[in-house]
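File shown: start-v6.txt (compact mmCIF, C-alpha atoms).
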# COMPACT_ATOMS: atom_id res chain seq x y z
CA MET A 93 -33.17 -28.19 -19.21
CA GLN A 94 -32.45 -31.15 -16.98
CA ASP A 95 -31.88 -30.13 -13.38
CA ILE A 96 -28.70 -31.43 -11.81
CA ASP A 97 -28.11 -32.10 -8.14
CA THR A 98 -24.81 -30.30 -7.70
CA SER A 99 -22.20 -31.00 -5.06
CA THR A 100 -19.58 -28.27 -4.83
CA ARG A 101 -16.65 -30.19 -3.37
CA HIS A 102 -14.23 -28.98 -6.02
CA LEU A 103 -15.39 -25.37 -5.96
CA ASP A 104 -15.34 -25.28 -2.16
CA GLY A 105 -11.87 -26.78 -2.13
CA LEU A 106 -10.66 -24.24 -4.65
CA ARG A 107 -12.03 -21.38 -2.53
CA ILE A 108 -9.85 -22.17 0.46
CA VAL A 109 -6.83 -22.91 -1.76
CA ALA A 110 -7.32 -19.54 -3.45
CA ALA A 111 -7.63 -17.72 -0.12
CA SER A 112 -4.48 -19.42 1.14
CA ALA A 113 -2.62 -18.38 -2.01
CA VAL A 114 -3.64 -14.76 -1.47
CA VAL A 115 -2.39 -14.95 2.13
CA ILE A 116 0.97 -16.30 0.91
CA LEU A 117 1.19 -13.50 -1.66
CA HIS A 118 0.53 -10.73 0.85
CA TYR A 119 2.59 -12.18 3.70
CA SER A 120 5.56 -12.53 1.36
CA ASP A 121 5.47 -8.76 0.92
CA TYR A 122 6.04 -8.28 4.67
CA ILE A 123 9.38 -10.10 4.47
CA LYS A 124 10.50 -8.88 1.05
CA GLU A 125 13.70 -7.43 2.54
CA LEU A 126 14.81 -11.05 3.10
CA PRO A 127 16.04 -13.22 0.20
CA ILE A 128 13.24 -15.76 0.64
CA GLY A 129 10.68 -12.98 0.82
CA ARG A 130 12.01 -11.38 -2.35
CA PHE A 131 11.92 -14.74 -4.09
CA MET A 132 8.31 -15.31 -2.99
CA VAL A 133 7.23 -11.85 -4.13
CA ASP A 134 8.80 -12.39 -7.54
CA HIS A 135 7.26 -15.84 -7.99
CA THR A 136 3.78 -15.40 -6.50
CA TRP A 137 2.53 -12.18 -8.12
CA HIS A 138 0.07 -14.29 -10.13
CA PHE A 139 -1.64 -15.43 -6.94
CA ASN A 140 -3.60 -12.18 -7.05
CA LEU A 141 -5.57 -13.71 -9.94
CA PHE A 142 -7.12 -16.19 -7.53
CA VAL A 143 -9.49 -13.36 -6.67
CA ASP A 144 -10.88 -13.78 -10.20
CA LEU A 145 -11.47 -17.42 -9.33
CA PHE A 146 -13.65 -16.18 -6.46
CA PHE A 147 -15.67 -14.13 -8.93
CA VAL A 148 -16.34 -17.11 -11.21
CA ILE A 149 -17.37 -19.29 -8.26
CA SER A 150 -19.58 -16.52 -6.93
CA GLY A 151 -21.39 -16.13 -10.25
CA PHE A 152 -22.01 -19.87 -10.43
CA VAL A 153 -23.26 -20.17 -6.84
CA ILE A 154 -25.43 -17.04 -6.99
CA ALA A 155 -27.04 -18.23 -10.22
CA SER A 156 -27.68 -21.67 -8.75
CA GLN A 157 -29.40 -20.20 -5.70
CA TYR A 158 -31.11 -17.04 -6.93
CA LEU A 159 -31.68 -17.23 -10.68
CA ALA A 160 -35.40 -17.85 -10.18
CA LYS A 161 -35.71 -15.74 -7.02
CA VAL A 162 -35.20 -12.15 -8.18
CA GLY A 163 -38.36 -11.71 -10.18
CA SER A 164 -39.85 -8.82 -8.21
CA PRO A 165 -38.59 -5.65 -6.49
CA ALA A 166 -39.25 -7.22 -3.09
CA ALA A 167 -37.29 -10.33 -4.06
CA VAL A 168 -34.41 -8.23 -5.36
CA GLY A 169 -34.32 -6.29 -2.10
CA ARG A 170 -34.23 -9.50 -0.09
CA PHE A 171 -31.46 -10.91 -2.29
CA LEU A 172 -29.27 -7.82 -1.92
CA TRP A 173 -29.87 -7.64 1.81
CA ARG A 174 -28.87 -11.27 2.31
CA ARG A 175 -25.67 -10.73 0.35
CA LEU A 176 -24.95 -7.58 2.36
CA ALA A 177 -25.61 -9.42 5.62
CA ARG A 178 -22.98 -11.96 4.62
CA ILE A 179 -20.16 -9.62 3.67
CA TYR A 180 -20.72 -6.27 5.37
CA PRO A 181 -20.33 -6.97 9.13
CA LEU A 182 -16.76 -8.25 8.82
CA HIS A 183 -15.92 -5.55 6.30
CA LEU A 184 -17.15 -2.93 8.75
CA ALA A 185 -15.28 -4.52 11.66
CA THR A 186 -11.95 -4.63 9.81
CA LEU A 187 -12.48 -1.12 8.48
CA ALA A 188 -13.11 0.09 12.04
CA PHE A 189 -9.83 -1.55 13.11
CA TYR A 190 -7.93 0.51 10.56
CA ILE A 191 -9.87 3.69 11.30
CA VAL A 192 -8.63 3.40 14.91
CA ILE A 193 -5.07 3.15 13.58
CA ALA A 194 -5.67 6.12 11.27
CA LEU A 195 -6.96 8.20 14.19
CA ALA A 196 -3.92 7.22 16.26
CA LEU A 197 -1.64 8.31 13.42
CA HIS A 198 -3.53 11.55 12.99
CA ALA A 199 -3.23 12.28 16.72
CA GLY A 200 0.49 11.54 16.70
CA ILE A 201 0.11 8.54 19.01
CA ALA A 202 1.49 6.14 16.38
CA LYS A 203 3.77 6.35 13.36
CA THR A 204 3.82 4.61 10.00
CA ASP A 205 6.02 4.41 6.94
CA ASN A 206 2.90 4.35 4.73
CA PRO A 207 0.54 7.19 5.71
CA ALA A 208 -1.08 7.06 2.24
CA ARG A 209 -2.79 3.85 3.34
CA TYR A 210 -5.13 5.74 5.68
CA PRO A 211 -6.83 8.55 3.70
CA PHE A 212 -10.02 9.72 5.39
CA SER A 213 -11.19 10.87 1.95
CA ASP A 214 -11.58 7.22 0.92
CA LEU A 215 -13.91 6.35 3.81
CA PRO A 216 -17.23 7.24 2.10
CA ALA A 217 -16.41 4.84 -0.76
CA GLN A 218 -15.33 2.20 1.75
CA PHE A 219 -18.53 2.48 3.77
CA LEU A 220 -20.70 2.38 0.65
CA LEU A 221 -18.75 -0.48 -0.95
CA LEU A 222 -17.88 1.69 -3.92
CA HIS A 223 -14.11 1.56 -3.60
CA ALA A 224 -13.67 -0.98 -6.42
CA ILE A 225 -15.05 1.57 -8.86
CA ASP A 226 -12.93 4.63 -8.13
CA GLY A 227 -11.22 4.40 -4.76
CA ASP A 228 -7.69 5.01 -3.58
CA ARG A 229 -5.41 2.03 -4.14
CA LEU A 230 -4.52 -0.28 -1.25
CA THR A 231 -6.11 1.64 1.60
CA PHE A 232 -7.29 0.41 5.00
CA ASN A 233 -8.09 -3.33 4.75
CA PHE A 234 -7.26 -3.33 1.06
CA PRO A 235 -8.44 -6.88 0.14
CA SER A 236 -11.97 -5.56 0.71
CA TRP A 237 -11.89 -4.08 -2.80
CA SER A 238 -13.10 -7.48 -3.99
CA LEU A 239 -16.20 -7.16 -1.77
CA SER A 240 -17.02 -3.92 -3.53
CA ALA A 241 -16.52 -5.64 -6.88
CA GLU A 242 -18.70 -8.57 -5.80
CA PHE A 243 -21.50 -6.30 -4.64
CA PHE A 244 -21.33 -4.42 -7.93
CA CYS A 245 -22.04 -7.76 -9.62
CA TYR A 246 -24.82 -8.53 -7.15
CA VAL A 247 -26.55 -5.24 -7.98
CA LEU A 248 -26.35 -6.05 -11.69
CA PHE A 249 -27.45 -9.66 -11.24
CA PRO A 250 -31.24 -9.02 -11.42
CA LEU A 251 -30.69 -7.04 -14.63
CA MET A 252 -28.69 -9.94 -16.06
CA VAL A 253 -31.54 -12.30 -15.18
CA LEU A 254 -33.97 -10.07 -17.08
CA THR A 255 -31.57 -9.92 -20.04
CA ILE A 256 -31.23 -13.69 -20.35
CA ALA A 257 -34.89 -14.44 -19.63
CA ARG A 258 -35.76 -15.03 -23.30
CA SER A 259 -32.54 -16.69 -24.37
CA ARG A 260 -29.78 -18.02 -22.17
CA THR A 261 -27.27 -17.67 -25.02
CA VAL A 262 -27.23 -13.91 -24.32
CA ILE A 263 -24.99 -14.68 -21.36
CA VAL A 264 -22.17 -15.44 -23.80
CA ALA A 265 -22.26 -11.80 -24.91
CA LEU A 266 -22.32 -10.73 -21.26
CA VAL A 267 -19.03 -12.57 -20.79
CA VAL A 268 -17.33 -11.48 -24.00
CA LEU A 269 -18.39 -7.82 -24.11
CA PRO A 270 -16.94 -6.85 -20.70
CA LEU A 271 -13.72 -8.65 -21.64
CA LEU A 272 -13.46 -6.63 -24.84
CA ALA A 273 -14.53 -3.37 -23.19
CA ASN A 274 -11.93 -3.76 -20.42
CA SER A 275 -9.20 -4.55 -22.94
CA ILE A 276 -10.06 -1.64 -25.23
CA TYR A 277 -10.25 0.79 -22.31
CA ALA A 278 -6.90 -0.38 -20.88
CA VAL A 279 -5.19 0.10 -24.25
CA ALA A 280 -6.89 3.39 -25.12
CA MET A 281 -6.28 4.97 -21.71
CA GLY A 282 -2.83 3.46 -21.18
CA THR A 283 -3.76 1.85 -17.85
CA GLU A 284 -2.24 -1.26 -16.36
CA PRO A 285 -3.65 -4.54 -17.73
CA TRP A 286 -7.24 -4.85 -16.55
CA PRO A 287 -6.64 -8.07 -14.54
CA ASP A 288 -4.51 -5.82 -12.31
CA TRP A 289 -7.34 -3.38 -11.67
CA ILE A 290 -8.18 -3.18 -7.98
CA ASN A 291 -9.65 -0.02 -6.47
CA LYS A 292 -9.88 1.76 -9.79
CA GLY A 293 -11.89 -0.49 -12.08
CA GLY A 294 -11.88 -3.64 -9.97
CA ALA A 295 -15.65 -3.87 -10.29
CA PHE A 296 -15.32 -4.10 -14.07
CA ARG A 297 -12.54 -6.66 -13.72
CA ALA A 298 -14.96 -8.86 -11.77
CA LEU A 299 -17.81 -8.68 -14.26
CA PRO A 300 -16.63 -11.12 -16.99
CA ALA A 301 -15.62 -13.71 -14.37
CA PHE A 302 -18.92 -13.39 -12.50
CA ASN A 303 -20.84 -13.71 -15.77
CA LEU A 304 -18.74 -16.73 -16.72
CA GLY A 305 -19.94 -18.38 -13.52
CA ILE A 306 -23.55 -17.59 -14.44
CA ALA A 307 -22.97 -19.00 -17.93
CA CYS A 308 -21.63 -22.23 -16.45
CA TRP A 309 -24.82 -22.60 -14.43
CA LEU A 310 -27.06 -21.84 -17.39
CA PHE A 311 -25.26 -24.41 -19.54
CA ARG A 312 -24.71 -26.89 -16.72
CA ASP A 313 -26.44 -29.70 -18.60
CA ARG A 314 -23.96 -29.45 -21.47
CA ILE A 315 -20.97 -29.00 -19.20
CA ALA A 316 -21.94 -32.09 -17.18
CA ARG A 317 -21.91 -34.21 -20.35
CA LEU A 318 -18.40 -33.18 -21.39
CA PRO A 319 -15.78 -35.94 -21.20
CA ALA A 320 -13.45 -35.75 -18.24
CA ILE A 321 -9.68 -35.76 -18.58
CA PRO A 322 -8.30 -37.48 -15.46
CA GLY A 323 -5.92 -35.35 -13.46
CA LEU A 324 -6.37 -32.21 -15.57
CA LEU A 325 -7.72 -30.02 -12.76
CA THR A 326 -5.00 -30.95 -10.29
CA THR A 327 -2.30 -30.67 -12.94
CA ALA A 328 -3.52 -27.26 -14.12
CA LEU A 329 -3.70 -25.97 -10.55
CA VAL A 330 -0.25 -27.23 -9.56
CA LEU A 331 1.37 -25.95 -12.76
CA PHE A 332 -0.29 -22.57 -12.28
CA LEU A 333 0.90 -22.32 -8.69
CA ILE A 334 4.49 -23.17 -9.64
CA PHE A 335 4.92 -21.62 -13.08
CA GLY A 336 2.10 -19.10 -13.39
CA ALA A 337 4.43 -16.19 -12.72
CA GLN A 338 6.12 -16.93 -16.06
CA LEU A 339 2.93 -16.40 -18.03
CA PRO A 340 1.70 -13.13 -19.53
CA ILE A 341 -1.06 -11.82 -17.33
CA MET A 342 -3.88 -12.49 -19.81
CA ALA A 343 -2.69 -16.06 -20.29
CA ALA A 344 -2.54 -16.51 -16.52
CA LEU A 345 -6.09 -15.20 -16.22
CA ALA A 346 -7.23 -17.66 -18.90
CA VAL A 347 -5.72 -20.50 -16.86
CA ILE A 348 -7.64 -19.32 -13.78
CA TYR A 349 -10.87 -19.34 -15.79
CA LEU A 350 -10.01 -22.83 -17.06
CA ILE A 351 -9.38 -24.11 -13.51
CA ALA A 352 -12.75 -22.74 -12.41
CA VAL A 353 -14.60 -24.34 -15.32
CA LEU A 354 -12.84 -27.69 -14.76
CA ALA A 355 -13.90 -27.67 -11.11
CA ILE A 356 -17.48 -26.81 -12.11
CA HIS A 357 -17.44 -29.68 -14.60
CA HIS A 358 -16.27 -32.16 -11.97
CA ASP A 359 -18.93 -30.99 -9.52
CA LEU A 360 -21.72 -31.06 -12.10
CA SER A 361 -20.79 -34.55 -13.25
CA GLY A 362 -20.38 -35.83 -9.68
CA GLN A 363 -16.81 -36.98 -10.20
CA THR A 364 -14.27 -37.82 -7.54
CA THR A 365 -10.79 -36.57 -8.40
CA LEU A 366 -7.40 -36.40 -6.75
CA PHE A 367 -8.18 -32.83 -5.79
CA SER A 368 -11.49 -33.70 -4.13
CA ARG A 369 -9.87 -36.63 -2.27
CA LEU A 370 -7.50 -34.18 -0.59
CA GLY A 371 -10.50 -32.79 1.29
CA PHE A 372 -9.77 -29.08 1.07
CA GLU A 373 -13.52 -28.39 1.15
CA ARG A 374 -13.50 -29.18 4.88
CA TRP A 375 -12.06 -25.73 5.51
CA SER A 376 -14.00 -23.83 2.85
CA SER A 377 -16.24 -22.15 5.42
CA LEU A 378 -13.17 -20.22 6.61
CA THR A 379 -12.46 -18.73 3.18
CA TYR A 380 -14.10 -15.35 3.74
CA SER A 381 -12.86 -14.99 7.32
CA SER A 382 -9.26 -15.75 6.44
CA TYR A 383 -9.36 -13.53 3.37
CA MET A 384 -10.68 -10.53 5.30
CA LEU A 385 -8.63 -11.02 8.47
CA HIS A 386 -5.22 -11.86 7.07
CA ILE A 387 -4.12 -8.25 6.61
CA PRO A 388 -5.30 -7.08 10.07
CA VAL A 389 -3.45 -10.07 11.58
CA ALA A 390 -0.36 -9.13 9.57
CA THR A 391 -0.63 -5.55 10.80
CA VAL A 392 -0.60 -6.74 14.41
CA VAL A 393 1.97 -9.54 14.12
CA LEU A 394 4.20 -8.71 11.14
CA THR A 395 4.23 -4.94 11.58
CA LEU A 396 3.50 -3.91 15.18
CA ALA A 397 4.79 -6.95 17.08
CA ALA A 398 7.72 -7.36 14.67
CA ARG A 399 9.12 -3.99 15.72
CA PHE A 400 9.78 -5.38 19.18
CA LEU A 401 10.17 -9.12 18.60
CA ALA A 402 12.02 -9.42 15.30
CA PRO A 403 15.34 -8.08 16.67
CA VAL A 404 15.37 -10.47 19.65
CA ILE A 405 14.05 -13.82 18.35
CA PRO A 406 15.89 -16.41 16.23
CA GLY A 407 14.91 -16.02 12.59
CA GLY A 408 13.68 -12.49 13.13
CA LYS A 409 10.63 -11.44 11.17
CA LEU A 410 10.58 -14.67 9.17
CA ALA A 411 9.86 -16.62 12.37
CA LEU A 412 6.73 -14.51 12.92
CA VAL A 413 5.11 -15.60 9.67
CA PRO A 414 4.07 -19.06 10.97
CA LEU A 415 2.79 -17.33 14.12
CA ALA A 416 0.71 -14.96 12.00
CA ILE A 417 -0.73 -17.90 10.04
CA ALA A 418 -1.63 -19.74 13.26
CA ILE A 419 -3.29 -16.65 14.71
CA LEU A 420 -5.14 -16.12 11.43
CA ALA A 421 -6.51 -19.66 11.53
CA ALA A 422 -7.75 -19.22 15.09
CA ALA A 423 -9.17 -15.76 14.40
CA SER A 424 -10.98 -17.04 11.31
CA ILE A 425 -12.68 -19.83 13.26
CA LEU A 426 -13.71 -17.47 16.06
CA SER A 427 -14.93 -14.83 13.63
CA LEU A 428 -17.07 -17.28 11.68
CA ARG A 429 -18.55 -18.89 14.78
CA TYR A 430 -19.06 -15.94 17.10
CA PHE A 431 -19.34 -12.89 14.85
CA GLU A 432 -20.16 -13.48 11.18
CA THR A 433 -22.74 -16.24 11.60
CA PRO A 434 -24.67 -14.60 14.47
CA MET A 435 -24.60 -11.22 12.71
CA ARG A 436 -25.80 -12.70 9.43
CA ARG A 437 -28.63 -14.54 11.12
CA ALA A 438 -29.69 -11.50 13.14
CA LEU A 439 -29.68 -9.21 10.10
CA ASN A 440 -31.57 -11.70 7.95
CA GLU A 441 -34.15 -12.35 10.65
CA ALA A 442 -34.65 -8.61 11.21
CA TYR A 443 -35.16 -8.06 7.51
CA ASP A 444 -37.54 -11.00 7.17
CA ARG A 445 -39.61 -9.79 10.13
CA HIS A 446 -39.85 -6.35 8.59
CA PHE A 447 -40.55 -7.77 5.14
CA SER A 448 -43.28 -10.09 6.47
CA THR A 449 -44.88 -7.22 8.38
CA ARG A 450 -45.01 -5.07 5.28
CA ILE A 451 -46.53 -7.88 3.21
CA ALA A 452 -49.11 -8.59 5.90
CA ALA A 453 -50.01 -4.90 6.14
CA ALA A 454 -50.38 -4.64 2.39
CA THR A 455 -52.82 -7.57 2.29
CA VAL A 456 -55.14 -6.27 5.06
CA PRO A 457 -58.19 -4.62 3.45
CA ARG A 458 -58.74 -1.00 4.35
CA GLN A 459 -61.78 -0.12 6.40
CA THR A 460 -64.21 2.28 4.76

Could you spell out this file's structure in structure tokens?
Amino acid sequence: MQDIDTSTRHLDGLRIVAASAVVILHYSDYIKELPIGRFMVDHTWHFNLFVDLFFVISGFVIASQYLAKVGSPAAVGRFLWRRLARIYPLHLATLAFYIVIALALHAGIAKTDNPARYPFSDLPAQFLLLHAIDGDRLTFNFPSWSLSAEFFCYVLFPLMVLTIARSRTVIVALVVLPLLANSIYAVAMGTEPWPDWINKGGAFRALPAFNLGIACWLFRDRIARLPAIPGLLTTALVLFLIFGAQLPIMAALAVIYLIAVLAIHHDLSGQTTLFSRLGFERWSSLTYSSYMLHIPVATVVLTLAARFLAPVIPGGKLALVPLAIAILAAASILSLRYFETPMRRALNEAYDRHFSTRIAAATVPRQT
């Protein structure tokens, strides 16, 4: 297979667009008592499927970086640790924020209209990143369910590499079979459509998208040679944003998969498009920070501060939404620069020191 030097301008741009769409979706819910909020809620429900876009991108990026680097137990351990070092510190920090609120509620210091959001029984799953398998729905910092789903895919990734070692075409089955299994289970058990699965089954929702990303990497040489249709990516994205709420959920999910594959194609073939000229990738490093922090910021600004400010400021609660977005942007920059990056480096360096020490000890001959 010919190796391809891959820029990820389109994928990086899509990541921040997707994160922004999720923020719009969730912030609309905080003002749903207003006409504009109700309109936004009714016409942005499909933005939740941008999380599936994250899963496709993750599968592609992980395959590009680690496909040949998980060939031993030690390598698998290092891979999982590095992924954990990236996602866990901010997850733990935001979870701690909501645990403080839960303790205040339990002690009677604070009150809430939604006490079901803070069940202590869900904490073990939250700490162990298992809450996308069978957790309580929408608890604590609820967007973190996707981290649990991602890590589920990371754990399975070395097994997928072993499975496709002899023939890369096996990855096609690893995309199709989870799709079929999810669909059959949803129908047989009478659950909501599987693209709506979050804390119960969200890990299995992520699997076909993650595997699709791996498949795109494995077949990157063929994808790169496909003819390009000018403007298709931008058109598909804009039409999905505006009209996606009118689609059946499975059709909307198919469009998300298509958008991801189109972006991968443009990156693999080194094309410059209208979308890439817009330069969204400049803010892609803030994707994870903004995704994880937008609900805590909303809790502070759109819930707690709104109780005091909304009645006395022009525009009421609606006027606080731009403030929440501005605070989110600043908090995301600070988090990435002063918390996530230093923590990731420290954890990776600590692991590498320990790993190197163990390897060195294993290679020293015993004295007899």

Counting all atoms listed in the file, I want the residues whose atoms come within 8 Å of (-24.3, -23.3, -7.2) in the file frame, returned as a PyMOL selection string. chain A and resi 98+100+152-157+309

Go ahead and write the residues just picked, C-alpha atoms, as a CSV table (one decimal), in the frame of the given file.
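Just written: part.csv:
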chain,number,residue,atom,x,y,z
A,98,THR,CA,-24.8,-30.3,-7.7
A,100,THR,CA,-19.6,-28.3,-4.8
A,152,PHE,CA,-22.0,-19.9,-10.4
A,153,VAL,CA,-23.3,-20.2,-6.8
A,154,ILE,CA,-25.4,-17.0,-7.0
A,155,ALA,CA,-27.0,-18.2,-10.2
A,156,SER,CA,-27.7,-21.7,-8.8
A,157,GLN,CA,-29.4,-20.2,-5.7
A,309,TRP,CA,-24.8,-22.6,-14.4

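Atom to atom, atom CA of A:Leu329 and atom CA of A:Val347 stand 8.6 Å apart.
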
Could you pull the residues within 9 Å of stretch 120-133 of chain A, counting all atoms listed in the file, minus those fewer than 6 positions along the same chain, as number ranges by chain? A: 390, 394-395, 409-410, 413

With stretch 364-371 of chain A as the partner and 8 Å as the cut-off, tabulate the residues of stretch 229-325 of chain A that qualify, each row holding the nearest pair of atoms and their distance in Å to one decimal, using all atoms listed in the file, sorted by chain and rising number, as JSON lines.
{"residue": "A:Pro322", "atom": "CA", "partner": "A:Thr365", "partner_atom": "CA", "distance": 7.5}
{"residue": "A:Gly323", "atom": "CA", "partner": "A:Leu366", "partner_atom": "CA", "distance": 7.0}
{"residue": "A:Leu325", "atom": "CA", "partner": "A:Phe367", "partner_atom": "CA", "distance": 7.5}

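Rounded to one decimal, atom CA of A:Ser99 and atom CA of A:Ala421 lie 25.5 Å from each other.
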
Rows by chain and residue number, stretch 322-428 of chain A within 12 Å of stretch 170-184 of chain A, shortest pair, only C-alpha atoms, as a Markdown table:
| residue | atom | partner | partner_atom | distance |
| --- | --- | --- | --- | --- |
| A:Thr379 | CA | A:Ile179 | CA | 11.9 |
| A:Tyr380 | CA | A:Ile179 | CA | 8.3 |
| A:Ser381 | CA | A:Leu182 | CA | 7.9 |
| A:Ser382 | CA | A:Leu182 | CA | 10.9 |
| A:Tyr383 | CA | A:Leu182 | CA | 10.6 |
| A:Met384 | CA | A:His183 | CA | 7.3 |
| A:Leu385 | CA | A:Leu182 | CA | 8.6 |
| A:Pro388 | CA | A:His183 | CA | 11.4 |
| A:Ser424 | CA | A:Leu182 | CA | 10.8 |
| A:Ser427 | CA | A:Leu182 | CA | 8.4 |
| A:Leu428 | CA | A:Leu182 | CA | 9.5 |

Atom CA of A:Val392 sits from atom CA of A:Ile419 at a separation of 10.3 Å

Considering all atoms listed in the file, state which residue in the set A:Leu310, A:Leu420, A:Ala185, A:Asp104 is at the smallest distance from A:Ala257.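 Of all the options, A:Leu310 lies closest to A:Ala257.
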
Measuring atom to atom with all atoms listed in the file, identify which of A:Trp375, A:Pro319, A:Phe332, A:Gly163 is nearest to A:Ala111. A:Trp375

Given the choices A:Phe146, A:Leu318, A:Trp237, A:Thr136, which gets closest to A:Leu339 if the distance is worked out from all atoms listed in the file? A:Thr136

Compile the contact shell of stretch 290-295 of chain A as a PyMOL selection string: residues with an atom at most 10 Å away, counting all atoms listed in the file, same-chain residues fewer than 4 positions apart removed. chain A and resi 222-231+234-245+274+286+299-300

When distances are computed from all atoms listed in the file, which of A:Trp137, A:Tyr349, A:Phe447, A:Phe212 shows the smallest separation from A:Leu304?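 Going through A:Trp137, A:Tyr349, A:Phe447, A:Phe212 one by one, the smallest distance to A:Leu304 is for A:Tyr349.
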